[in-house]
Amino acid sequence: MNPIQTNPPHIQLFREMQTEAEIDHPRSERLVQGNPKRTTWNHFTNSSGEVFMGAWACEPGSWRIEMGIDEDEYFYVLEGTGAIIEENGARREFTVGDAVIIPAGFKGIFEVTEAMKKHYVIIERQQQIA
């Protein structure tokens, strides 16, 4: 169960959360290299179900990603290294301390080159923006 914002709102610290880990692997049709285990701790979901925040860890590997037309992600790399490869082949590498934005509608490859951990914020708007 993912924690949902409660009333009245209160400050939450990730390090104090006891969120159950969700473990998965990329879908087979999206795999490019390896079959990395991905672990997600979704510490927060807002009351409308549009904003998600938490921590994510992943083993080395790569897979195709497709962001929804109403889905943006921001993440901050805590450990490891990786890259996002755009459909045109442009490669953007990231490492510890980097902040990354994956915009709505993006398609490409997500690659973890060294086991990584990140904090993330995902916004999935229920009303499509023009």
# chains A, B, ... in the order shown; residues from 1 in each chain; ligands from 1
>>> residues_around(residues="Glu87 (chain A)", least_positions_apart="3", cutoff="12 Å", atoms="only C-alpha atoms", output="ChimeraX atom specification")
/A:64-66,84,90-92,105-110
>>> residues_around(residues="Val121 (chain A)", least_positions_apart="4", cutoff="7 Å", atoms="only C-alpha atoms", output="list in words")
Phe52, Met53, Gly54, Glu73, Tyr74 and Phe75 of chain A
>>> residues_around(residues="Gln12 (chain A)", least_positions_apart="4", cutoff="9 Å", atoms="only C-alpha atoms", output="number ranges by chain")
A: 16-17, 43-44
>>> write_last_selection(atoms="N, CA and C atoms", output="PDB file, in the first residue's frame")
ATOM      1  N   GLU A  16      12.331   8.212   7.676  1.00  0.00           N
ATOM      2  CA  GLU A  16      11.449   7.725   8.725  1.00  0.00           C
ATOM      3  C   GLU A  16      10.325   6.833   8.193  1.00  0.00           C
ATOM      4  N   MET A  17      10.205   6.764   6.878  1.00  0.00           N
ATOM      5  CA  MET A  17       9.132   5.986   6.267  1.00  0.00           C
ATOM      6  C   MET A  17       9.436   4.495   6.352  1.00  0.00           C
ATOM      7  N   HIS A  43       7.000   6.490  -1.309  1.00  0.00           N
ATOM      8  CA  HIS A  43       6.723   7.022   0.019  1.00  0.00           C
ATOM      9  C   HIS A  43       5.513   7.944   0.079  1.00  0.00           C
ATOM     10  N   PHE A  44       5.089   8.463  -1.062  1.00  0.00           N
ATOM     11  CA  PHE A  44       4.018   9.460  -1.036  1.00  0.00           C
ATOM     12  C   PHE A  44       3.221   9.435  -2.328  1.00  0.00           C
TER      13      PHE A  44
END
>>> atom_distance(atom1="CA of Val96 (chain A)", atom2="CA of Trp41 (chain A)")
19.1 Å
>>> closest_residue(among="A:Glu124, A:Glu29, A:Asp70, A:Glu20", to="Ala104 (chain A)", atoms="only C-alpha atoms")
A:Asp70
>>> residues_around(residues="Val100 (chain A)", least_positions_apart="2", cutoff="12 Å", atoms="only C-alpha atoms", output="number ranges by chain")
A: 72-78, 82-84, 92-98, 102-103, 118-122
